[in-house]
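Working notes for the structure below.
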Amino acid sequence: MIEVLSPVAGRILEVNVKAGQIVTDDDELFIVEAMKMENAVYGDPGVVKEILVKEGDHVEEDQVLAVIE
């Protein structure tokens with residue numbers, strides 16, 4: 001089980017994956033906005049088991065955004 005963490009505290013602008021989706025390490029899973037800058041979040045290859053945030057949510061640095069198996 002791999003946890004995808006937020007690199008910064010901010011707001012979720014985009015959720016680009018769905019539960020059950022197969023992802024690679026090149027797939028952009030989330031966009032987090034912090035201080036008017038957009039930060040892309042990537043994960044490891046696998047299947048997305050759970051998404052723990054939605055667009056518009058405020059997140060903290062190192063908060064778990066999704067789980068990949």
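Note on naming: chains are A, B, ... as they come in the structure tokens, residues start from 1 per chain, ligands start from 1 in the order shown.
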
Can you pull out every residue within 6 Å of range 38-49 of chain A, counting only C-alpha atoms, but drop anything in the same chain fewer than 4 positions away, and send it as JSON, numbers by chain? {"A": [4, 19, 20, 21, 22, 23, 24, 25, 28, 29, 30, 31, 32, 33, 67, 68, 69]}

Which neighbours of Ile12 in chain A fall inside 6 Å, counting only C-alpha atoms, when residues of the same chain fewer than 6 positions from it are skipped, and could you give them as a ChimeraX atom specification? /A:32,55-57

Could you save those same residues with N, CA and C atoms as a PDB file, in the first residue's frame?
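The resulting file, again.pdb, is reproduced below:
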ATOM      1  N   VAL A  32      -2.311  20.767  -6.468  1.00  0.00           N
ATOM      2  CA  VAL A  32      -2.517  21.469  -5.206  1.00  0.00           C
ATOM      3  C   VAL A  32      -2.037  22.904  -5.389  1.00  0.00           C
ATOM      4  N   GLU A  55     -11.972  18.109  -5.046  1.00  0.00           N
ATOM      5  CA  GLU A  55     -11.608  19.459  -5.479  1.00  0.00           C
ATOM      6  C   GLU A  55     -12.190  20.485  -4.510  1.00  0.00           C
ATOM      7  N   GLY A  56     -11.371  21.475  -4.171  1.00  0.00           N
ATOM      8  CA  GLY A  56     -11.787  22.518  -3.247  1.00  0.00           C
ATOM      9  C   GLY A  56     -11.388  22.269  -1.806  1.00  0.00           C
ATOM     10  N   ASP A  57     -11.020  21.036  -1.469  1.00  0.00           N
ATOM     11  CA  ASP A  57     -10.604  20.728  -0.095  1.00  0.00           C
ATOM     12  C   ASP A  57      -9.294  21.442   0.244  1.00  0.00           C
TER      13      ASP A  57
END

Which of A:Ala9, A:Asp26, A:Ile2, A:Met35 sits closest to Glu50 in chain A [using only C-alpha atoms]: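 Result for the nearest residue to Glu50 in chain A: A:Ile2.
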
When you count only C-alpha atoms, which of these residues is closest to Asn16 in chain A: A:Val59, A:Val64, A:Val53, A:Ala34?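 With only C-alpha atoms as the atom set, the closest residue is A:Val53.
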
Please compute the CA of Ala66 in chain A-CA of Lys36 in chain A distance, one decimal, in Å. 23.1 Å

Which value, in Å to one decimal, gives the distance between CA of Val17 in chain A and CA of Lys54 in chain A?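 These atoms are spaced 10.7 Å apart.
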
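One finds CA of Leu65 in chain A at 5.2 Å from CA of Leu52 in chain A.
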
How would you write, as a PDB file with N, CA, C and O atoms, in the first residue's frame, the set of residues in range 13-69 of chain A that DSSP gives as strand (DSSP E or B)?
ATOM      1  N   LEU A  13      -6.937  21.752  -6.413  1.00  0.00           N
ATOM      2  CA  LEU A  13      -7.521  22.348  -7.617  1.00  0.00           C
ATOM      3  C   LEU A  13      -8.099  21.286  -8.532  1.00  0.00           C
ATOM      4  O   LEU A  13      -9.148  21.485  -9.144  1.00  0.00           O
ATOM      5  N   GLU A  14      -7.387  20.178  -8.676  1.00  0.00           N
ATOM      6  CA  GLU A  14      -7.813  19.116  -9.594  1.00  0.00           C
ATOM      7  C   GLU A  14      -7.573  17.749  -8.981  1.00  0.00           C
ATOM      8  O   GLU A  14      -6.542  17.519  -8.352  1.00  0.00           O
ATOM      9  N   VAL A  15      -8.530  16.861  -9.203  1.00  0.00           N
ATOM     10  CA  VAL A  15      -8.372  15.439  -8.910  1.00  0.00           C
ATOM     11  C   VAL A  15      -8.455  14.750 -10.267  1.00  0.00           C
ATOM     12  O   VAL A  15      -9.492  14.769 -10.912  1.00  0.00           O
ATOM     13  N   ILE A  22      -5.836   2.464 -13.044  1.00  0.00           N
ATOM     14  CA  ILE A  22      -4.432   2.058 -13.067  1.00  0.00           C
ATOM     15  C   ILE A  22      -3.603   3.296 -13.407  1.00  0.00           C
ATOM     16  O   ILE A  22      -3.917   4.008 -14.359  1.00  0.00           O
ATOM     17  N   VAL A  23      -2.565   3.559 -12.606  1.00  0.00           N
ATOM     18  CA  VAL A  23      -1.723   4.735 -12.826  1.00  0.00           C
ATOM     19  C   VAL A  23      -0.260   4.326 -12.946  1.00  0.00           C
ATOM     20  O   VAL A  23       0.146   3.284 -12.461  1.00  0.00           O
ATOM     21  N   GLU A  28      -0.203  12.496 -13.549  1.00  0.00           N
ATOM     22  CA  GLU A  28      -0.447  13.609 -12.628  1.00  0.00           C
ATOM     23  C   GLU A  28      -1.761  13.318 -11.894  1.00  0.00           C
ATOM     24  O   GLU A  28      -2.823  13.354 -12.494  1.00  0.00           O
ATOM     25  N   LEU A  29      -1.672  13.015 -10.605  1.00  0.00           N
ATOM     26  CA  LEU A  29      -2.848  12.595  -9.854  1.00  0.00           C
ATOM     27  C   LEU A  29      -3.661  13.764  -9.327  1.00  0.00           C
ATOM     28  O   LEU A  29      -4.898  13.744  -9.375  1.00  0.00           O
ATOM     29  N   PHE A  30      -2.980  14.767  -8.802  1.00  0.00           N
ATOM     30  CA  PHE A  30      -3.640  15.925  -8.196  1.00  0.00           C
ATOM     31  C   PHE A  30      -2.875  17.196  -8.560  1.00  0.00           C
ATOM     32  O   PHE A  30      -1.680  17.146  -8.832  1.00  0.00           O
ATOM     33  N   ILE A  31      -3.582  18.328  -8.485  1.00  0.00           N
ATOM     34  CA  ILE A  31      -2.954  19.647  -8.523  1.00  0.00           C
ATOM     35  C   ILE A  31      -3.330  20.334  -7.212  1.00  0.00           C
ATOM     36  O   ILE A  31      -4.515  20.448  -6.884  1.00  0.00           O
ATOM     37  N   VAL A  32      -2.311  20.767  -6.468  1.00  0.00           N
ATOM     38  CA  VAL A  32      -2.517  21.469  -5.206  1.00  0.00           C
ATOM     39  C   VAL A  32      -2.037  22.904  -5.389  1.00  0.00           C
ATOM     40  O   VAL A  32      -0.906  23.136  -5.819  1.00  0.00           O
ATOM     41  N   GLU A  33      -2.894  23.873  -5.059  1.00  0.00           N
ATOM     42  CA  GLU A  33      -2.526  25.281  -5.160  1.00  0.00           C
ATOM     43  C   GLU A  33      -2.095  25.785  -3.788  1.00  0.00           C
ATOM     44  O   GLU A  33      -2.793  25.580  -2.796  1.00  0.00           O
ATOM     45  N   ALA A  34      -0.938  26.430  -3.760  1.00  0.00           N
ATOM     46  CA  ALA A  34      -0.424  27.017  -2.532  1.00  0.00           C
ATOM     47  C   ALA A  34       0.223  28.353  -2.881  1.00  0.00           C
ATOM     48  O   ALA A  34       1.111  28.403  -3.737  1.00  0.00           O
ATOM     49  N   MET A  37       0.609  29.293  -6.501  1.00  0.00           N
ATOM     50  CA  MET A  37       1.426  28.395  -7.319  1.00  0.00           C
ATOM     51  C   MET A  37       0.756  27.030  -7.358  1.00  0.00           C
ATOM     52  O   MET A  37       0.215  26.574  -6.354  1.00  0.00           O
ATOM     53  N   GLU A  38       0.804  26.387  -8.527  1.00  0.00           N
ATOM     54  CA  GLU A  38       0.223  25.064  -8.679  1.00  0.00           C
ATOM     55  C   GLU A  38       1.319  24.001  -8.558  1.00  0.00           C
ATOM     56  O   GLU A  38       2.373  24.116  -9.173  1.00  0.00           O
ATOM     57  N   ASN A  39       1.043  22.988  -7.748  1.00  0.00           N
ATOM     58  CA  ASN A  39       1.988  21.895  -7.518  1.00  0.00           C
ATOM     59  C   ASN A  39       1.357  20.596  -7.987  1.00  0.00           C
ATOM     60  O   ASN A  39       0.298  20.205  -7.488  1.00  0.00           O
ATOM     61  N   ALA A  40       1.999  19.928  -8.949  1.00  0.00           N
ATOM     62  CA  ALA A  40       1.510  18.640  -9.426  1.00  0.00           C
ATOM     63  C   ALA A  40       1.930  17.553  -8.435  1.00  0.00           C
ATOM     64  O   ALA A  40       3.028  17.587  -7.878  1.00  0.00           O
ATOM     65  N   VAL A  41       1.032  16.602  -8.231  1.00  0.00           N
ATOM     66  CA  VAL A  41       1.308  15.488  -7.333  1.00  0.00           C
ATOM     67  C   VAL A  41       1.268  14.199  -8.162  1.00  0.00           C
ATOM     68  O   VAL A  41       0.290  13.930  -8.849  1.00  0.00           O
ATOM     69  N   TYR A  42       2.351  13.447  -8.096  1.00  0.00           N
ATOM     70  CA  TYR A  42       2.475  12.178  -8.811  1.00  0.00           C
ATOM     71  C   TYR A  42       2.540  11.049  -7.793  1.00  0.00           C
ATOM     72  O   TYR A  42       2.885  11.267  -6.634  1.00  0.00           O
ATOM     73  N   GLY A  46       0.482   1.600  -9.971  1.00  0.00           N
ATOM     74  CA  GLY A  46      -0.415   0.710  -9.258  1.00  0.00           C
ATOM     75  C   GLY A  46      -1.862   1.024  -9.579  1.00  0.00           C
ATOM     76  O   GLY A  46      -2.163   1.675 -10.580  1.00  0.00           O
ATOM     77  N   VAL A  47      -2.739   0.564  -8.707  1.00  0.00           N
ATOM     78  CA  VAL A  47      -4.176   0.790  -8.854  1.00  0.00           C
ATOM     79  C   VAL A  47      -4.638   1.686  -7.711  1.00  0.00           C
ATOM     80  O   VAL A  47      -4.345   1.413  -6.540  1.00  0.00           O
ATOM     81  N   VAL A  48      -5.365   2.750  -8.046  1.00  0.00           N
ATOM     82  CA  VAL A  48      -5.881   3.674  -7.028  1.00  0.00           C
ATOM     83  C   VAL A  48      -6.980   2.949  -6.242  1.00  0.00           C
ATOM     84  O   VAL A  48      -7.988   2.540  -6.815  1.00  0.00           O
ATOM     85  N   LYS A  49      -6.760   2.752  -4.971  1.00  0.00           N
ATOM     86  CA  LYS A  49      -7.733   2.065  -4.123  1.00  0.00           C
ATOM     87  C   LYS A  49      -8.709   3.034  -3.478  1.00  0.00           C
ATOM     88  O   LYS A  49      -9.883   2.719  -3.307  1.00  0.00           O
ATOM     89  N   GLU A  50      -8.208   4.217  -3.100  1.00  0.00           N
ATOM     90  CA  GLU A  50      -9.064   5.155  -2.379  1.00  0.00           C
ATOM     91  C   GLU A  50      -8.569   6.576  -2.608  1.00  0.00           C
ATOM     92  O   GLU A  50      -7.368   6.823  -2.597  1.00  0.00           O
ATOM     93  N   ILE A  51      -9.508   7.487  -2.801  1.00  0.00           N
ATOM     94  CA  ILE A  51      -9.203   8.912  -2.902  1.00  0.00           C
ATOM     95  C   ILE A  51      -9.820   9.579  -1.679  1.00  0.00           C
ATOM     96  O   ILE A  51     -11.013   9.419  -1.413  1.00  0.00           O
ATOM     97  N   HIS A  58      -9.174  21.859   1.482  1.00  0.00           N
ATOM     98  CA  HIS A  58      -7.916  22.406   1.983  1.00  0.00           C
ATOM     99  C   HIS A  58      -7.152  21.265   2.640  1.00  0.00           C
ATOM    100  O   HIS A  58      -7.737  20.492   3.405  1.00  0.00           O
ATOM    101  N   VAL A  59      -5.874  21.155   2.324  1.00  0.00           N
ATOM    102  CA  VAL A  59      -5.051  20.066   2.843  1.00  0.00           C
ATOM    103  C   VAL A  59      -3.809  20.626   3.517  1.00  0.00           C
ATOM    104  O   VAL A  59      -3.384  21.743   3.240  1.00  0.00           O
ATOM    105  N   VAL A  64      -2.483  12.647   3.579  1.00  0.00           N
ATOM    106  CA  VAL A  64      -2.706  11.568   2.621  1.00  0.00           C
ATOM    107  C   VAL A  64      -3.850  11.976   1.689  1.00  0.00           C
ATOM    108  O   VAL A  64      -4.953  12.314   2.132  1.00  0.00           O
ATOM    109  N   LEU A  65      -3.575  11.967   0.372  1.00  0.00           N
ATOM    110  CA  LEU A  65      -4.566  12.327  -0.634  1.00  0.00           C
ATOM    111  C   LEU A  65      -5.230  11.099  -1.242  1.00  0.00           C
ATOM    112  O   LEU A  65      -6.409  11.123  -1.580  1.00  0.00           O
ATOM    113  N   ALA A  66      -4.460  10.022  -1.391  1.00  0.00           N
ATOM    114  CA  ALA A  66      -4.968   8.803  -2.005  1.00  0.00           C
ATOM    115  C   ALA A  66      -4.124   7.620  -1.568  1.00  0.00           C
ATOM    116  O   ALA A  66      -3.009   7.791  -1.061  1.00  0.00           O
ATOM    117  N   VAL A  67      -4.669   6.435  -1.797  1.00  0.00           N
ATOM    118  CA  VAL A  67      -3.952   5.196  -1.506  1.00  0.00           C
ATOM    119  C   VAL A  67      -3.868   4.389  -2.800  1.00  0.00           C
ATOM    120  O   VAL A  67      -4.865   4.218  -3.503  1.00  0.00           O
ATOM    121  N   ILE A  68      -2.662   3.910  -3.103  1.00  0.00           N
ATOM    122  CA  ILE A  68      -2.415   3.105  -4.306  1.00  0.00           C
ATOM    123  C   ILE A  68      -1.903   1.734  -3.870  1.00  0.00           C
ATOM    124  O   ILE A  68      -1.091   1.630  -2.952  1.00  0.00           O
TER     125      ILE A  68
END
